[in-house]
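File shown: query.txt. Contents: compact mmCIF, C-alpha atoms.
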# COMPACT_ATOMS: atom_id res chain seq x y z
CA MET A 1 -55.21 -43.17 33.37
CA HIS A 2 -53.27 -46.22 34.50
CA ARG A 3 -52.42 -46.91 30.83
CA LEU A 4 -50.92 -43.37 30.33
CA THR A 5 -48.75 -43.80 33.45
CA SER A 6 -47.42 -47.11 32.12
CA LEU A 7 -46.56 -45.55 28.73
CA SER A 8 -44.68 -42.68 30.41
CA SER A 9 -42.69 -45.09 32.55
CA SER A 10 -41.80 -47.18 29.51
CA ALA A 11 -40.64 -44.09 27.55
CA PHE A 12 -38.48 -42.95 30.47
CA ALA A 13 -36.89 -46.42 30.68
CA LEU A 14 -36.12 -46.45 26.94
CA THR A 15 -34.58 -42.95 27.08
CA THR A 16 -32.36 -43.90 30.04
CA THR A 17 -31.22 -47.05 28.28
CA ALA A 18 -30.33 -45.10 25.10
CA LEU A 19 -28.27 -42.53 27.03
CA LEU A 20 -26.33 -45.27 28.81
CA ALA A 21 -25.58 -46.99 25.50
CA LEU A 22 -24.34 -43.73 23.92
CA SER A 23 -22.08 -42.99 26.91
CA THR A 24 -20.60 -46.47 26.68
CA ALA A 25 -19.94 -46.09 22.92
CA VAL A 26 -18.10 -42.80 23.43
CA GLY A 27 -15.93 -44.15 26.20
CA CYS A 28 -15.00 -47.49 24.58
CA GLY A 29 -11.56 -47.61 22.92
CA GLY A 30 -10.62 -44.04 23.97
CA GLY A 31 -9.58 -44.61 27.53
CA GLY A 32 -11.49 -41.49 28.47
CA LYS A 33 -9.68 -39.39 25.82
CA PRO A 34 -11.78 -36.60 24.25
CA ALA A 35 -12.71 -37.04 20.62
CA GLU A 36 -10.33 -35.43 18.15
CA GLY A 37 -11.44 -32.21 16.47
CA PRO A 38 -11.45 -31.58 12.73
CA GLY A 39 -7.98 -32.04 11.26
CA GLU A 40 -6.34 -33.18 14.50
CA ALA A 41 -6.04 -36.79 13.36
CA ALA A 42 -4.03 -35.69 10.30
CA ASP A 43 -1.79 -33.36 12.33
CA SER A 44 -1.02 -35.61 15.28
CA GLY A 45 2.54 -36.85 15.11
CA ALA A 46 3.12 -35.27 11.63
CA GLU A 47 5.69 -32.69 12.76
CA PRO A 48 9.17 -34.30 12.69
CA SER A 49 11.89 -33.36 15.10
CA GLY A 50 14.51 -30.92 13.74
CA GLU A 51 13.64 -28.57 10.85
CA SER A 52 10.07 -27.43 10.38
CA GLY A 53 8.36 -27.97 7.04
CA GLU A 54 9.16 -24.40 5.95
CA ASN A 55 12.85 -24.63 6.89
CA ALA A 56 13.15 -28.05 5.31
CA ALA A 57 11.76 -26.69 2.06
CA SER A 58 14.43 -23.99 2.05
CA SER A 59 17.23 -26.54 2.39
CA GLU A 60 15.78 -29.45 0.43
CA GLY A 61 14.28 -29.65 -3.02
CA ASP A 62 11.85 -32.16 -4.51
CA GLY A 63 12.38 -35.65 -3.17
CA GLY A 64 14.51 -34.35 -0.28
CA ALA A 65 17.48 -33.44 -2.50
CA PRO A 66 19.63 -30.51 -1.18
CA VAL A 67 19.00 -27.18 -2.90
CA GLU A 68 22.13 -25.81 -4.60
CA LYS A 69 23.37 -22.61 -2.93
CA LYS A 70 23.46 -19.55 -5.19
CA ASP A 71 26.96 -18.52 -6.25
CA GLU A 72 27.50 -14.92 -5.10
CA CYS A 73 30.21 -14.36 -7.73
CA VAL A 74 28.08 -15.22 -10.78
CA GLY A 75 25.52 -13.03 -12.52
CA PHE A 76 23.89 -12.14 -15.81
CA ASP A 77 23.39 -8.39 -15.26
CA ILE A 78 25.65 -7.27 -12.43
CA GLY A 79 24.77 -3.65 -11.67
CA ASN A 80 27.73 -2.93 -9.39
CA ILE A 81 30.73 -5.16 -9.90
CA GLU A 82 32.52 -3.55 -6.94
CA ASP A 83 29.95 -4.99 -4.53
CA VAL A 84 30.62 -8.49 -5.87
CA LEU A 85 34.40 -8.09 -5.73
CA MET A 86 34.17 -7.06 -2.07
CA LYS A 87 32.47 -10.32 -1.06
CA SER A 88 34.80 -12.65 0.81
CA ALA A 89 33.44 -15.59 -1.21
CA CYS A 90 34.83 -14.04 -4.40
CA GLU A 91 38.38 -13.53 -3.12
CA GLU A 92 41.13 -15.87 -4.30
CA PRO A 93 43.59 -15.97 -1.40
CA SER A 94 45.95 -18.37 -3.18
CA ALA A 95 46.22 -16.22 -6.33
CA LYS A 96 48.20 -13.01 -6.70
CA PRO A 97 47.17 -10.55 -9.42
CA ASP A 98 50.66 -10.40 -10.96
CA SER A 99 50.99 -14.19 -11.10
CA LEU A 100 47.74 -14.91 -12.95
CA PRO A 101 48.16 -16.33 -16.45
CA THR A 102 47.36 -13.94 -19.30
CA VAL A 103 44.28 -14.87 -21.33
CA ASP A 104 43.43 -13.61 -24.81
CA MET A 105 39.92 -12.14 -24.55
CA LYS A 106 39.60 -11.05 -28.17
CA GLY A 107 36.06 -11.79 -29.35
CA LYS A 108 35.07 -12.86 -25.83
CA LEU A 109 35.17 -9.71 -23.70
CA GLU A 110 34.21 -6.16 -24.62
CA VAL A 111 34.99 -3.36 -22.17
CA THR A 112 33.46 0.05 -22.83
CA VAL A 113 32.80 3.27 -20.91
CA ALA A 114 29.95 5.72 -21.39
CA ALA A 115 29.53 9.19 -19.85
CA SER A 116 26.34 10.85 -18.62
CA PRO A 117 26.26 13.69 -19.46
CA THR A 118 28.85 13.92 -22.23
CA LYS A 119 29.03 17.71 -21.96
CA VAL A 120 29.57 19.51 -18.66
CA ALA A 121 30.37 23.00 -17.48
CA PRO A 122 33.90 23.79 -16.23
CA GLY A 123 34.17 22.17 -12.80
CA GLY A 124 31.08 20.06 -13.49
CA LYS A 125 30.56 16.36 -12.90
CA SER A 126 29.77 13.33 -15.05
CA ASP A 127 29.01 9.72 -14.21
CA LEU A 128 31.12 7.18 -16.10
CA VAL A 129 29.71 3.67 -16.49
CA VAL A 130 32.20 0.93 -17.34
CA THR A 131 30.63 -2.16 -18.88
CA PHE A 132 32.24 -5.60 -19.08
CA ALA A 133 30.27 -7.56 -21.70
CA ASN A 134 30.53 -11.31 -22.21
CA LYS A 135 30.26 -11.79 -25.98
CA THR A 136 30.20 -15.59 -25.80
CA LYS A 137 27.62 -18.29 -25.15
CA ALA A 138 29.58 -19.63 -22.18
CA PRO A 139 30.28 -18.26 -18.68
CA LEU A 140 33.26 -15.86 -18.62
CA THR A 141 35.37 -15.53 -15.46
CA LEU A 142 37.34 -12.30 -14.94
CA HIS A 143 39.96 -11.53 -12.32
CA PHE A 144 40.50 -8.20 -10.57
CA ARG A 145 43.08 -6.68 -8.25
CA ILE A 146 41.87 -5.63 -4.79
CA ASP A 147 44.03 -3.84 -2.21
CA PRO A 148 41.80 -4.14 -0.17
CA VAL A 149 39.19 -2.62 -2.53
CA PRO A 150 38.90 -2.64 -6.34
CA ARG A 151 40.10 0.71 -7.69
CA PHE A 152 38.70 2.46 -10.76
CA ASP A 153 40.86 5.53 -11.44
CA THR A 154 40.44 8.19 -14.13
CA GLU A 155 43.00 9.99 -16.27
CA THR A 156 42.05 13.08 -18.31
CA PHE A 157 43.80 14.17 -21.50
CA ASP A 158 43.28 17.30 -23.62
CA ALA A 159 43.06 17.48 -27.41
CA LYS A 160 46.89 17.37 -27.62
CA ASN A 161 46.94 14.15 -25.60
CA LYS A 162 48.47 15.92 -22.61
CA ARG A 163 47.31 14.78 -19.20
CA VAL A 164 45.63 17.69 -17.47
CA ASP A 165 44.24 16.30 -14.22
CA MET A 166 47.63 15.83 -12.52
CA PRO A 167 49.57 18.60 -10.77
CA ALA A 168 52.72 19.82 -12.49
CA GLY A 169 56.09 18.55 -11.26
CA ASN A 170 56.91 15.90 -8.70
CA PRO A 171 55.00 15.65 -5.42
CA PRO A 172 56.60 17.45 -2.45
CA PRO A 173 57.96 15.56 0.55
CA PRO A 174 55.39 14.93 3.28
CA PRO A 175 55.36 17.19 6.34
CA LYS A 176 57.92 16.38 9.01
CA GLY A 177 56.89 13.43 11.16
CA GLN A 178 54.16 12.31 8.77
CA SER A 179 54.19 9.22 6.61
CA ALA A 180 51.64 7.21 4.68
CA PRO A 181 50.05 4.13 6.27
CA PRO A 182 51.58 0.75 5.38
CA PRO A 183 50.36 -0.73 2.11
CA SER A 184 47.48 -3.18 2.18
CA GLU A 185 47.76 -6.80 1.17
CA VAL A 186 47.18 -7.25 -2.54
CA LYS A 187 44.75 -10.01 -3.51
CA ALA A 188 42.75 -11.16 -6.49
CA ALA A 189 38.99 -11.53 -6.74
CA LYS A 190 36.87 -13.08 -9.46
CA VAL A 191 33.53 -12.45 -11.11
CA THR A 192 31.82 -14.81 -13.56
CA ILE A 193 29.54 -13.21 -16.14
CA ALA A 194 26.83 -15.46 -17.53
CA PRO A 195 26.59 -16.06 -21.30
CA ASN A 196 25.84 -12.78 -23.15
CA GLY A 197 25.71 -11.05 -19.76
CA PHE A 198 27.09 -7.80 -18.37
CA ALA A 199 28.84 -6.38 -15.32
CA ARG A 200 29.07 -2.65 -14.64
CA ALA A 201 30.98 -0.19 -12.50
CA ARG A 202 30.07 3.45 -11.89
CA VAL A 203 32.93 5.92 -11.64
CA PRO A 204 32.53 9.65 -10.80
CA TRP A 205 34.49 12.27 -12.78
CA GLU A 206 34.96 16.00 -12.25
CA ALA A 207 36.14 18.59 -14.77
CA VAL A 208 38.78 20.04 -12.44
CA LYS A 209 42.52 20.47 -12.20
CA MET A 210 44.40 19.09 -9.19
CA LYS A 211 47.14 20.15 -6.82
CA TRP A 212 49.31 18.18 -4.40
CA ALA A 213 47.96 17.82 -0.85
CA PRO A 214 50.90 16.88 1.43
CA GLU A 215 48.76 17.54 4.52
CA LYS A 216 46.75 14.41 3.64
CA VAL A 217 49.70 12.01 3.42
CA ARG A 218 49.17 10.58 6.90
CA GLY A 219 45.60 9.47 6.22
CA THR A 220 45.94 8.36 2.58
CA SER A 221 46.75 4.76 1.70
CA PRO A 222 49.71 4.47 -0.71
CA GLU A 223 47.54 2.53 -3.19
CA LYS A 224 45.71 5.79 -3.93
CA GLY A 225 48.92 7.57 -4.87
CA TYR A 226 50.09 10.89 -3.51
CA PRO A 227 47.04 12.79 -2.21
CA ARG A 228 45.57 15.62 -4.30
CA ASN A 229 42.97 18.36 -3.94
CA PRO A 230 40.86 20.18 -6.56
CA ALA A 231 42.55 23.34 -7.86
CA GLY A 232 39.96 24.97 -10.07
CA PRO A 233 37.96 24.01 -13.17
CA LEU A 234 39.39 22.70 -16.40
CA PRO A 235 39.02 25.10 -19.34
CA LYS A 236 36.50 24.62 -22.11
CA GLY A 237 37.38 22.12 -24.80
CA LYS A 238 37.24 18.47 -25.77
CA TYR A 239 38.84 15.84 -23.58
CA THR A 240 39.49 12.12 -23.47
CA VAL A 241 38.91 10.36 -20.16
CA LYS A 242 40.48 6.97 -19.59
CA VAL A 243 39.22 4.68 -16.81
CA LYS A 244 41.93 2.44 -15.41
CA THR A 245 40.12 -0.65 -14.14
CA PRO A 246 41.56 -3.27 -11.75
CA LEU A 247 41.03 -6.00 -14.38
CA VAL A 248 44.05 -8.34 -14.56
CA GLY A 249 45.05 -11.50 -16.41
CA VAL A 250 44.02 -10.35 -19.89
CA SER A 251 46.14 -9.64 -22.95
CA GLU A 252 46.25 -5.97 -23.89
CA GLY A 253 46.50 -3.98 -27.09
CA SER A 254 48.96 -1.15 -27.62
CA ASP A 255 46.74 1.29 -25.69
CA HIS A 256 45.41 -1.05 -22.99
CA GLU A 257 41.92 -0.73 -24.40
CA VAL A 258 40.72 -3.81 -22.49
CA SER A 259 41.58 -2.77 -18.94
CA ALA A 260 41.47 0.99 -19.58
CA PRO A 261 38.59 1.99 -21.88
CA LYS A 262 38.21 5.63 -23.02
CA VAL A 263 35.37 8.06 -23.60
CA GLU A 264 35.18 11.52 -25.17
CA LEU A 265 33.76 14.44 -23.15
CA GLU A 266 33.32 18.13 -23.78
CA ILE A 267 33.66 20.96 -21.30
CA GLY A 268 31.50 23.87 -22.40
CA GLY A 269 29.64 26.89 -21.12
Could you spell out this file's structure in structure tokens?
Amino acid sequence: MHRLTSLSSSAFALTTTALLALSTAVGCGGGGKPAEGPGEAADSGAEPSGESGENAASSEGDGGAPVEKKDECVGFDIGNIEDVLMKSACEEPSAKPDSLPTVDMKGKLEVTVAASPTKVAPGGKSDLVVTFANKTKAPLTLHFRIDPVPRFDTETFDAKNKRVDMPAGNPPPPPKGQSAPPPSEVKAAKVTIAPNGFARARVPWEAVKMKWAPEKVRGTSPEKGYPRNPAGPLPKGKYTVKVKTPLVGVSEGSDHEVSAPKVELEIGG
């Protein structure tokens, strides 16, 4: 019995000694600091002041080199060229449309217009899509007139080449006390089409005749011309629709086929 008591006392002494040694090992070198959890040693002090890792990646490339900012005025397949021309980054404040040098675009630029549908009912509508195609293997920069927006106007001619979408005669004087707003500042904007790329503009067209609308003079900018209103459908027949684009600084043929492409439409029943 005495021997069992001695063994128990010895075991208790050994256990107490082991616990004290373990407590001392945990406390040494840490100054009472709790042990770090999984991953904390790798994270401590790793976050630099300033940009976070995500933000830094957006502004720096491999090796810390700055990432080149995307040019808003350059594209391979520009679905709406008007949106690009309206960006302030694409304006050329120091260049005036009429002072730009004329460039020969033969073999470099192809401008076409397609209609959908090509046959409409009298008074019906068609969507015209103007396409500026870069036919070269190098970037092609084009310049456009904005005042303050790029304008794509249509002109409709019958089979005898007579314009039929304009009212007859000269426009009447505006109502007494009414005048058009002052003209907007004319500027130039640029778009660069990538090699073998395209830029498009969508222009609405209606198979209607027009009449003068003097009552709209006060609210119509002079760049739009004298205001007009629809005056009934155009008769059945075949027509040629020309789209006058704001493209400038290009040499033209006898019929301005570069800046004013044409498409054939039919008005039927």
*Within 10 Å of (35.9, 4.9, -18.4), in the coordinates the file gives, what residues turn up when you count only C-alpha atoms, written out as a PyMOL selection string?*
chain A and resi 111-115+127-131+152-155+201-205+240-245+259-264
Which residues are close to range 173-175 of chain A, i.e. within 8 Å by all atoms listed in the file, leaving aside same-chain residues fewer than 4 positions away? Reply as a compact mmCIF listing (two decimals) with C-alpha atoms, in the frame of the given file.
# COMPACT_ATOMS: atom_id res chain seq x y z
CA SER A 179 54.19 9.22 6.61
CA PRO A 214 50.90 16.88 1.43
CA GLU A 215 48.76 17.54 4.52
CA VAL A 217 49.70 12.01 3.42
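One distance worth recording is that between CA of Lys176 in chain A and CA of Ala231 in chain A, which is 23.9 Å.
Taking only C-alpha atoms into account, the polymer residues that have an atom no farther than 10 Å from (41.1, 1.6, 2.7) are Asp147, Pro148, Val149, Pro181, Pro183, Ser184, Gly219, Thr220, Ser221, Pro222, Glu223 and Lys224 of chain A.
Of the residues under consideration (A:Leu247, A:Ala207, A:Ala188, A:Ala133), A:Ala133 shows the shortest atom-to-atom contact distance to Gly75 in chain A when counting only C-alpha atoms.
Using only C-alpha atoms, the smallest distance between any of A:Met105, A:Ala168, A:Ile146, A:Leu234 and Lys187 in chain A comes from A:Ile146.
Pairwise distance (CA of Lys162 in chain A, CA of Val248 in chain A) equals 25.9 Å.
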_Quick one: residues within 7 Å of range 79-92 of chain A, only C-alpha atoms, excluding same-chain residues fewer than 2 positions away - as a count of residues only?_
14
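Here the question is which of A:Glu252, A:Glu257, A:Glu266, A:Asp158 gets nearest to Thr102 in chain A using all atoms listed in the file, and that residue is A:Glu252.
Checking A:Leu109, A:Val250, A:Ala159, A:Ala213 one by one against Pro172 in chain A, counting all atoms listed in the file, you find the shortest gap at A:Ala213.
In this model, the gap between CA of Phe198 in chain A and CA of Pro97 in chain A comes to 22.2 Å.
Here the question is which of A:Glu185, A:Asp165, A:Asp104, A:Glu110 gets nearest to Gly249 in chain A using all atoms listed in the file, and that residue is A:Asp104.
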*Hey, what's within 8 Å of Met166 in chain A if we count only C-alpha atoms and toss same-chain stuff fewer than 3 positions away? As a VMD selection string, please?*
chain A and resid 163 209 to 211
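With only C-alpha atoms as the atoms that count, the residue of A:Pro227, A:Gly232, A:Gly269, A:Gly237 with the shortest distance to Glu206 in chain A is A:Gly232.
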